[in-house]
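Enquirer: The structure is given below, and queries will be raised subsequently.
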Amino acid sequence: MSSPRDVVLGRIRAALKDVPPTEQPKDVYIDRAYLHVDDGDVHKRLELFIDRVRDYKAKVKVVRPEALAAAIVESCAARSVKRLVVPADLPDGWAPPGVELVREPGLTNEQLDQSDGVLTACALGIAQTGTIVLDSGPGQGRRAITLVPDYHLCVIRQDQVVGLVPEAVVKLEAAAAEPSRPITFISGPSATSDIELNRVEGVHGPRTLEVIVVTELDVV
Amino acid sequence: MSREGVPPLPVSAPAMPFQDAARLSLGDTQLRFNMGKATTTIRAKRYKVVDEMPDWQNLREAGRAIKDRTLRHLDKYLIQLEESVTRVGGKVHWAADAEDANRIVAGIVKSHGAKEVVKIKSLTTDEIGLNEALAHQGIKAYETDLAELIIQLADERSSHILVPAIHKSRAEIREIFRRTLENTEHLGDEPKELAAAARAHLRRKFLTVPVAVSGVNFGVADTGTICIVESEGNGRMCLTLPKVLVSVMGIEKLVPTWRDLEVFLQLLPRSSTAERMNPYTSFWTGIAPPGDGPDEFHLILLDDGRSKVLADRNGRQALHCIRCSACLNICPVYERTGGHAYNSVYPGPIGAILTPQLVGVENAGSLPYASSLCGACYEVCPVKINIPEVLLHLRGEVVRHKQATLAGKLSGENIAMQTVARVFASPRRYEAAQKAGRLGQKLMVKGGVIERLPGQLGGWTAVRDVYPIAPQTFREWWKQREKVSNTKTVPRQEARP
Ligand code: SF4
């Protein structure tokens, strides 16, 4: 008896009788005339990023590098965060004093569920879509820590913001090829429009997403 | 939570022709109101976010071409995907049909001694009737997408591929939750409150159920990466917390390279939820490091009729579909009937071309007629599926199939059509028929039009008037003119409408 694999492949080959046997995949032309890079001005790109992240009802704060630590303290205080989940490799100087740090590795789902929030870095930001990208790189931790807590505070540097989706996809190519680095695109807080198409923020993921943008530029 | 009261809805032959089911739906005013409001809202939003993309048409063309390349070499790409996924620690299974796939899933769940699974919204698993099949094996499947949960708790069926509970009002949803969920006696009907009730109900499940089942939005052949696009975070929960993950992927949900995703990640969100990007998109390549997701990953490659669609050169493009639902929202027929009338997991214009191909036109012959052929679906489709072209092609198939049966050959319609074809094929017969018609129509013309044709033709004039055959046709006038000019002057005659 032939295996389901042989059955399926056999049917596919029979169905493709019209494709000449000499044809190679690359013979099917793909016109990639869409935009690949945004070569515009950095200032504009950053403003677009901020605008689009805000458009998703995420909070955005813009700070100079020297003001980052204070901004983190302020954000945690504003939400009365008492227990803050952080990745094992949280960058130096980010930990807010006066808050109990729940530090990876090895936290259980229950510990995550009972925390007040999580603080991480990220891999990239995409201006065109207002997206932040996590790729399991430095300062990001594993996926569950940015998922189970109800509040995600995420720090991004200006040089991490790209213009277009294709730029992000190119930068993520190496991570995608590695089993140890799952990737997550986050655009605003968790949301649903399932009830009469009314957008409700926060179903299962963090109900609040706050992004701190670190830059020397003057942007609002 | 059982789905026992629900008629199973794998893609099987629709129980009722579309036209009859549509008549029932049209009588439901609440449904028509909800559908009309929903489709109008989402259309307007979609237009806005598509309009801000200067390269939208280029992206559509690239999307179409990538899918075309993939399908023309599907066998090679599937084998490549199998190798890639295996290399990074996943296990690949092949399923020729729904039964195969359901058996494989049940086997994996049982091998872990599990009795429950959490599910990410997936049309493919709806198509194969996975929940029902698991229930037979004593395994309970919990839908975790809010709309799917509502549908499951209500023992109903989805009416839209993206927002399955779109036909339900908030008051109806509150009643469903009060009836089926704990601690909801005081639940209000604000969408925020309703969502919070679902969050509380499902959180325990995410933290305790050991097996998750998902569909697949895109599988990448060269890296073995799988991609899931979602909004609520229920997908991330299912992909991250359980120990075992099983993903069921239609064999057409494939892209050749990681870079190809740059096209679809732009096309899909704007076309479906009308967002620049959906809230969460997850990618994983095999098994994540310990503690960061399942330690076991199974990918099931499902045919279940797709290879049949692939064999039809005209209909093949239906496999380009990325299930965005833009064609549903734009369709004037869908807007009025809603999804249930299509009696299939795949409703709307895409359903009208996909379902008959998956189950055979002999089993879903009414669906290719569930369209006015206005062409709006083709215009919005992010991967340029020429739906009207496929509809016409399938209508031809329906007729050819009918003609192949004796009953069909002897049916009044076929005899009439064949006669018409003969008449049109010969000028002599055509003119004779016109003369006969002119005599026959005398009693029917009122005020210059025919309001009602006799017999079976009456259906056609139920909603329109027909102009009678002119007292003198152009051809007759031409002939007469030539005769006269051969003698002397040319008399001017007005051509009749
Ligand atoms: S046919 Fe096109 S428009 Fe319709 S759901 Fe599929 S991709 Fe979207």
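Just remember, in the structure tokens the first chain shown is A, the second B, etc., residues are 1-based per chain, and ligands are 1-based in the order shown.
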Skipping near chain neighbours, those fewer than 4 positions away, what residues fall within 6 Å of segment 38-55 of chain A using only C-alpha atoms, listed as a list in words?
Expert: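 Within the cut-off, the hits are Ala127, Gly130 and Gly163 of chain A.
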Enquirer: DSSP on the backbone, strand (DSSP E or B) only: what residues of segment 233-430 of chain B does that give? Format it as a PDB file with N, CA, C and O atoms, in the first residue's frame.
Expert:
ATOM      1  N   VAL B 244       2.840  20.449  23.525  1.00  0.00           N
ATOM      2  CA  VAL B 244       2.813  19.846  22.191  1.00  0.00           C
ATOM      3  C   VAL B 244       2.008  20.749  21.255  1.00  0.00           C
ATOM      4  O   VAL B 244       0.967  21.267  21.646  1.00  0.00           O
ATOM      5  N   LEU B 245       2.533  20.919  20.033  1.00  0.00           N
ATOM      6  CA  LEU B 245       1.813  21.747  19.059  1.00  0.00           C
ATOM      7  C   LEU B 245       1.603  20.949  17.779  1.00  0.00           C
ATOM      8  O   LEU B 245       2.536  20.334  17.258  1.00  0.00           O
ATOM      9  N   VAL B 246       0.349  20.940  17.307  1.00  0.00           N
ATOM     10  CA  VAL B 246       0.037  20.270  16.051  1.00  0.00           C
ATOM     11  C   VAL B 246      -0.537  21.321  15.096  1.00  0.00           C
ATOM     12  O   VAL B 246      -1.529  21.969  15.418  1.00  0.00           O
ATOM     13  N   SER B 247       0.094  21.500  13.941  1.00  0.00           N
ATOM     14  CA  SER B 247      -0.415  22.472  12.977  1.00  0.00           C
ATOM     15  C   SER B 247      -0.874  21.750  11.718  1.00  0.00           C
ATOM     16  O   SER B 247      -0.137  20.942  11.155  1.00  0.00           O
ATOM     17  N   VAL B 248      -2.100  22.067  11.308  1.00  0.00           N
ATOM     18  CA  VAL B 248      -2.653  21.445  10.107  1.00  0.00           C
ATOM     19  C   VAL B 248      -2.574  22.457   8.973  1.00  0.00           C
ATOM     20  O   VAL B 248      -3.125  23.548   9.067  1.00  0.00           O
ATOM     21  N   MET B 249      -1.864  22.079   7.915  1.00  0.00           N
ATOM     22  CA  MET B 249      -1.606  23.040   6.851  1.00  0.00           C
ATOM     23  C   MET B 249      -2.103  22.510   5.510  1.00  0.00           C
ATOM     24  O   MET B 249      -1.711  21.427   5.080  1.00  0.00           O
ATOM     25  N   GLY B 250      -2.985  23.258   4.859  1.00  0.00           N
ATOM     26  CA  GLY B 250      -3.371  22.917   3.494  1.00  0.00           C
ATOM     27  C   GLY B 250      -2.126  22.988   2.615  1.00  0.00           C
ATOM     28  O   GLY B 250      -1.307  23.889   2.794  1.00  0.00           O
ATOM     29  N   LEU B 254       1.803  27.604   1.117  1.00  0.00           N
ATOM     30  CA  LEU B 254       3.237  27.488   1.110  1.00  0.00           C
ATOM     31  C   LEU B 254       3.836  28.688   0.390  1.00  0.00           C
ATOM     32  O   LEU B 254       3.269  29.165  -0.580  1.00  0.00           O
ATOM     33  N   VAL B 255       4.951  29.203   0.895  1.00  0.00           N
ATOM     34  CA  VAL B 255       5.706  30.166   0.096  1.00  0.00           C
ATOM     35  C   VAL B 255       7.123  29.630  -0.028  1.00  0.00           C
ATOM     36  O   VAL B 255       7.619  28.972   0.882  1.00  0.00           O
ATOM     37  N   TYR B 280      -0.764  40.587  16.407  1.00  0.00           N
ATOM     38  CA  TYR B 280       0.311  39.617  16.649  1.00  0.00           C
ATOM     39  C   TYR B 280       0.562  38.723  15.431  1.00  0.00           C
ATOM     40  O   TYR B 280      -0.364  38.141  14.871  1.00  0.00           O
ATOM     41  N   THR B 281       1.815  38.599  15.056  1.00  0.00           N
ATOM     42  CA  THR B 281       2.197  37.614  14.057  1.00  0.00           C
ATOM     43  C   THR B 281       3.330  36.786  14.648  1.00  0.00           C
ATOM     44  O   THR B 281       4.314  37.343  15.120  1.00  0.00           O
ATOM     45  N   SER B 282       3.163  35.483  14.660  1.00  0.00           N
ATOM     46  CA  SER B 282       4.174  34.594  15.232  1.00  0.00           C
ATOM     47  C   SER B 282       4.839  33.767  14.146  1.00  0.00           C
ATOM     48  O   SER B 282       4.170  33.294  13.223  1.00  0.00           O
ATOM     49  N   PHE B 283       6.152  33.603  14.287  1.00  0.00           N
ATOM     50  CA  PHE B 283       6.918  32.738  13.379  1.00  0.00           C
ATOM     51  C   PHE B 283       7.722  31.783  14.243  1.00  0.00           C
ATOM     52  O   PHE B 283       8.339  32.210  15.222  1.00  0.00           O
ATOM     53  N   TRP B 284       7.735  30.516  13.872  1.00  0.00           N
ATOM     54  CA  TRP B 284       8.633  29.608  14.568  1.00  0.00           C
ATOM     55  C   TRP B 284       9.233  28.628  13.591  1.00  0.00           C
ATOM     56  O   TRP B 284       8.636  28.300  12.572  1.00  0.00           O
ATOM     57  N   THR B 285      10.435  28.215  13.917  1.00  0.00           N
ATOM     58  CA  THR B 285      11.176  27.324  13.045  1.00  0.00           C
ATOM     59  C   THR B 285      11.527  26.094  13.876  1.00  0.00           C
ATOM     60  O   THR B 285      12.461  26.121  14.663  1.00  0.00           O
ATOM     61  N   GLU B 296       7.480  19.550  21.323  1.00  0.00           N
ATOM     62  CA  GLU B 296       7.157  18.633  20.236  1.00  0.00           C
ATOM     63  C   GLU B 296       6.315  19.399  19.230  1.00  0.00           C
ATOM     64  O   GLU B 296       5.337  20.044  19.596  1.00  0.00           O
ATOM     65  N   PHE B 297       6.730  19.341  17.963  1.00  0.00           N
ATOM     66  CA  PHE B 297       5.968  20.057  16.935  1.00  0.00           C
ATOM     67  C   PHE B 297       5.636  19.131  15.773  1.00  0.00           C
ATOM     68  O   PHE B 297       6.516  18.487  15.212  1.00  0.00           O
ATOM     69  N   HIS B 298       4.347  19.045  15.449  1.00  0.00           N
ATOM     70  CA  HIS B 298       3.898  18.217  14.321  1.00  0.00           C
ATOM     71  C   HIS B 298       3.276  19.092  13.250  1.00  0.00           C
ATOM     72  O   HIS B 298       2.446  19.950  13.557  1.00  0.00           O
ATOM     73  N   LEU B 299       3.674  18.868  12.016  1.00  0.00           N
ATOM     74  CA  LEU B 299       3.065  19.584  10.895  1.00  0.00           C
ATOM     75  C   LEU B 299       2.347  18.564  10.012  1.00  0.00           C
ATOM     76  O   LEU B 299       2.960  17.594   9.547  1.00  0.00           O
ATOM     77  N   ILE B 300       1.044  18.777   9.819  1.00  0.00           N
ATOM     78  CA  ILE B 300       0.274  17.851   8.974  1.00  0.00           C
ATOM     79  C   ILE B 300      -0.015  18.529   7.637  1.00  0.00           C
ATOM     80  O   ILE B 300      -0.648  19.580   7.594  1.00  0.00           O
ATOM     81  N   LEU B 301       0.469  17.949   6.548  1.00  0.00           N
ATOM     82  CA  LEU B 301       0.240  18.511   5.216  1.00  0.00           C
ATOM     83  C   LEU B 301      -1.004  17.854   4.623  1.00  0.00           C
ATOM     84  O   LEU B 301      -1.046  16.645   4.403  1.00  0.00           O
ATOM     85  N   LEU B 302      -2.019  18.685   4.388  1.00  0.00           N
ATOM     86  CA  LEU B 302      -3.337  18.170   4.036  1.00  0.00           C
ATOM     87  C   LEU B 302      -3.694  18.426   2.572  1.00  0.00           C
ATOM     88  O   LEU B 302      -3.629  19.550   2.091  1.00  0.00           O
TER      89      LEU B 302
END
Enquirer: May I have all residues of segment 83-147 of chain A that DSSP, computed from the backbone, assigns to alpha helix (DSSP H), given as a list in words?
Expert: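 Assigned to alpha helix (DSSP H), within segment 83-147 of chain A: Asn109, Glu110, Gln111, Leu112 and Asp113 of chain A.
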Enquirer: Counting only C-alpha atoms and all ligand atoms, which of B:Asp260, B:Glu482, B:Asp145, B:Glu379 gets nearest to ligand 1?
Expert: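 Of all the options, B:Glu379 lies closest to ligand 1.
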Enquirer: When the cut-off is 8 Å and you count only C-alpha atoms and all ligand atoms, which residues lie near ligand 1, shown as a ChimeraX atom specification?
Expert: /B:268,271-272,318,320-328,348-350,377-378,380-385,387
Enquirer: In terms of the shortest atom-to-atom distance over only C-alpha atoms, which of A:Val200, A:Ala58, A:Ala175, A:Cys76 is closest to chain B?
Expert: A:Val200
Enquirer: Which residues of chain B come within 6 Å of chain A, and what is each one's closest atom pair and distance in Å (one decimal), counting only C-alpha atoms, sorted by chain and residue number, as CSV?
Expert:
residue,atom,partner,partner_atom,distance
B:Asp55,CA,A:Tyr34,CA,5.3
B:Asn58,CA,A:Tyr34,CA,5.0
B:Leu59,CA,A:Tyr34,CA,5.6
B:Ala62,CA,A:Asp31,CA,5.6
B:Ala65,CA,A:Ile30,CA,5.2
B:Arg69,CA,A:Val28,CA,5.4
B:Val88,CA,A:Pro179,CA,5.9
B:Trp94,CA,A:Arg5,CA,5.2
B:Ala95,CA,A:Pro4,CA,5.8
B:Ala96,CA,A:Pro4,CA,5.6
B:Ala147,CA,A:Asp194,CA,5.5
B:Val163,CA,A:Asp194,CA,5.7
B:Lys192,CA,A:Val200,CA,5.8
B:Arg199,CA,A:Val203,CA,5.7
B:Thr223,CA,A:Ala177,CA,5.2
B:Ser231,CA,A:Ala191,CA,5.6
B:Glu232,CA,A:Ser190,CA,4.9
B:Gly233,CA,A:Gly205,CA,4.7
B:Asn234,CA,A:His204,CA,5.6
B:Glu262,CA,A:Pro166,CA,4.9
B:Arg276,CA,A:Thr129,CA,5.2
B:Met277,CA,A:Thr129,CA,5.8
B:Pro279,CA,A:Ser187,CA,4.3
B:Tyr280,CA,A:Ile186,CA,4.9
B:Thr281,CA,A:Phe185,CA,4.9
B:Ser282,CA,A:Thr184,CA,4.6
B:Phe283,CA,A:Ile183,CA,5.1
B:Trp284,CA,A:Pro182,CA,4.6
B:Thr285,CA,A:Pro179,CA,4.8
B:Gly286,CA,A:Pro179,CA,5.4
B:Ile287,CA,A:Pro179,CA,5.8
B:Ala288,CA,A:Ser180,CA,4.9
B:Pro289,CA,A:Ser180,CA,5.2
B:Asp292,CA,A:Arg142,CA,5.4
B:Ser307,CA,A:Ile12,CA,5.4
B:Leu310,CA,A:Ala15,CA,5.8
B:Ala311,CA,A:Ala15,CA,3.9
Enquirer: Using Å and a single decimal, report how far atom CA of Ile251 of chain B sits from atom CA of Ala98 of chain B.
Expert: 12.8 Å
Enquirer: By how many Å are atom CA of Glu185 of chain B and atom CA of Ala38 of chain B apart?
Expert: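 Between atom CA of Glu185 of chain B and atom CA of Ala38 of chain B the gap is 28.6 Å.
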Enquirer: Neighbours of Ser75 of chain A within 10 Å (only C-alpha atoms; same-chain residues fewer than 2 positions away dropped), as a PyMOL selection string?
Expert: chain A and resi 61+70-73+77-81+96+153+210+212
Enquirer: Produce a file of the selected residues containing N, CA and C atoms, as an mmCIF file, in the first residue's frame.
Expert:
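Output file again_32.cif follows:
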data_model
loop_
_atom_site.group_PDB
_atom_site.id
_atom_site.type_symbol
_atom_site.label_atom_id
_atom_site.label_comp_id
_atom_site.auth_asym_id
_atom_site.auth_seq_id
_atom_site.Cartn_x
_atom_site.Cartn_y
_atom_site.Cartn_z
ATOM 1 N N LYS A 61 6.399 56.927 24.791
ATOM 2 C CA LYS A 61 7.150 57.984 25.462
ATOM 3 C C LYS A 61 8.438 58.159 24.690
ATOM 4 N N ALA A 70 15.049 56.942 34.317
ATOM 5 C CA ALA A 70 13.996 57.675 35.021
ATOM 6 C C ALA A 70 12.631 57.410 34.374
ATOM 7 N N ALA A 71 12.631 57.301 33.052
ATOM 8 C CA ALA A 71 11.363 57.062 32.345
ATOM 9 C C ALA A 71 10.779 55.697 32.719
ATOM 10 N N ILE A 72 11.666 54.700 32.867
ATOM 11 C CA ILE A 72 11.193 53.365 33.260
ATOM 12 C C ILE A 72 10.573 53.423 34.658
ATOM 13 N N VAL A 73 11.277 54.098 35.578
ATOM 14 C CA VAL A 73 10.765 54.237 36.945
ATOM 15 C C VAL A 73 9.384 54.883 36.908
ATOM 16 N N ALA A 77 5.791 53.338 38.078
ATOM 17 C CA ALA A 77 5.070 53.985 39.174
ATOM 18 C C ALA A 77 3.654 54.342 38.732
ATOM 19 N N ALA A 78 3.533 54.839 37.506
ATOM 20 C CA ALA A 78 2.215 55.257 37.019
ATOM 21 C C ALA A 78 1.223 54.096 37.020
ATOM 22 N N ARG A 79 1.725 52.876 36.850
ATOM 23 C CA ARG A 79 0.832 51.707 36.850
ATOM 24 C C ARG A 79 0.866 50.958 38.174
ATOM 25 N N SER A 80 1.532 51.525 39.158
ATOM 26 C CA SER A 80 1.726 50.865 40.462
ATOM 27 C C SER A 80 2.261 49.444 40.298
ATOM 28 N N VAL A 81 3.276 49.307 39.472
ATOM 29 C CA VAL A 81 3.873 47.981 39.278
ATOM 30 C C VAL A 81 4.704 47.632 40.517
ATOM 31 N N PRO A 96 14.278 49.242 37.561
ATOM 32 C CA PRO A 96 13.806 50.367 38.372
ATOM 33 C C PRO A 96 13.954 50.075 39.871
ATOM 34 N N LEU A 153 6.171 46.717 28.894
ATOM 35 C CA LEU A 153 6.928 47.946 28.713
ATOM 36 C C LEU A 153 8.136 47.604 27.842
ATOM 37 N N GLU A 210 3.300 49.597 26.280
ATOM 38 C CA GLU A 210 3.904 50.919 26.340
ATOM 39 C C GLU A 210 5.297 50.843 25.723
ATOM 40 N N ILE A 212 8.890 52.817 24.961
ATOM 41 C CA ILE A 212 9.759 53.965 25.231
ATOM 42 C C ILE A 212 10.755 54.071 24.082
#
Enquirer: To one decimal place, how far is atom CA of Ile330 of chain B from atom CA of Thr39 of chain B in Å?
Expert: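 Pair atom CA of Ile330 of chain B / atom CA of Thr39 of chain B returns 7.1 Å.
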Enquirer: Give the answer as one residue: which of A:Val161, A:Glu104, A:Val155, A:Val214 has the shortest atom-to-atom distance to Arg64 of chain A, using only C-alpha atoms?
Expert: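 For Arg64 of chain A, the nearest of the given residues is A:Val214.
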Enquirer: Residues at most 12 Å from Asp92 of chain A, counting only C-alpha atoms, excluding those fewer than 4 positions away in the same chain, as a PDB file with N, CA and C atoms, in the first residue's frame?
Expert:
ATOM      1  N   LEU A  68      16.512  57.552  30.154  1.00  0.00           N
ATOM      2  CA  LEU A  68      15.781  56.287  30.038  1.00  0.00           C
ATOM      3  C   LEU A  68      15.429  55.691  31.406  1.00  0.00           C
ATOM      4  N   ALA A  69      16.432  55.601  32.283  1.00  0.00           N
ATOM      5  CA  ALA A  69      16.196  54.947  33.576  1.00  0.00           C
ATOM      6  C   ALA A  69      15.042  55.622  34.319  1.00  0.00           C
ATOM      7  N   VAL A  86      11.553  40.466  34.360  1.00  0.00           N
ATOM      8  CA  VAL A  86      12.604  40.939  33.453  1.00  0.00           C
ATOM      9  C   VAL A  86      13.387  39.750  32.910  1.00  0.00           C
ATOM     10  N   PRO A  87      13.914  39.887  31.680  1.00  0.00           N
ATOM     11  CA  PRO A  87      14.719  38.787  31.128  1.00  0.00           C
ATOM     12  C   PRO A  87      16.037  38.668  31.898  1.00  0.00           C
ATOM     13  N   ALA A  88      16.682  37.506  31.784  1.00  0.00           N
ATOM     14  CA  ALA A  88      17.939  37.274  32.518  1.00  0.00           C
ATOM     15  C   ALA A  88      18.986  38.298  32.110  1.00  0.00           C
ATOM     16  N   PRO A  96      14.278  49.242  37.561  1.00  0.00           N
ATOM     17  CA  PRO A  96      13.806  50.367  38.372  1.00  0.00           C
ATOM     18  C   PRO A  96      13.954  50.075  39.871  1.00  0.00           C
ATOM     19  N   ALA A 121      13.673  44.689  25.967  1.00  0.00           N
ATOM     20  CA  ALA A 121      14.142  45.391  24.768  1.00  0.00           C
ATOM     21  C   ALA A 121      13.416  44.770  23.581  1.00  0.00           C
ATOM     22  N   GLY A 139      18.085  40.952  25.639  1.00  0.00           N
ATOM     23  CA  GLY A 139      17.154  41.765  26.409  1.00  0.00           C
ATOM     24  C   GLY A 139      15.684  41.464  26.161  1.00  0.00           C
TER      25      GLY A 139
END
Enquirer: For Gln160 of chain A, please output as a PyMOL selection string all residues within 7 Å (counting only C-alpha atoms; exclusion window: fewer than 5 positions along the same chain).
Expert: chain A and resi 123-125
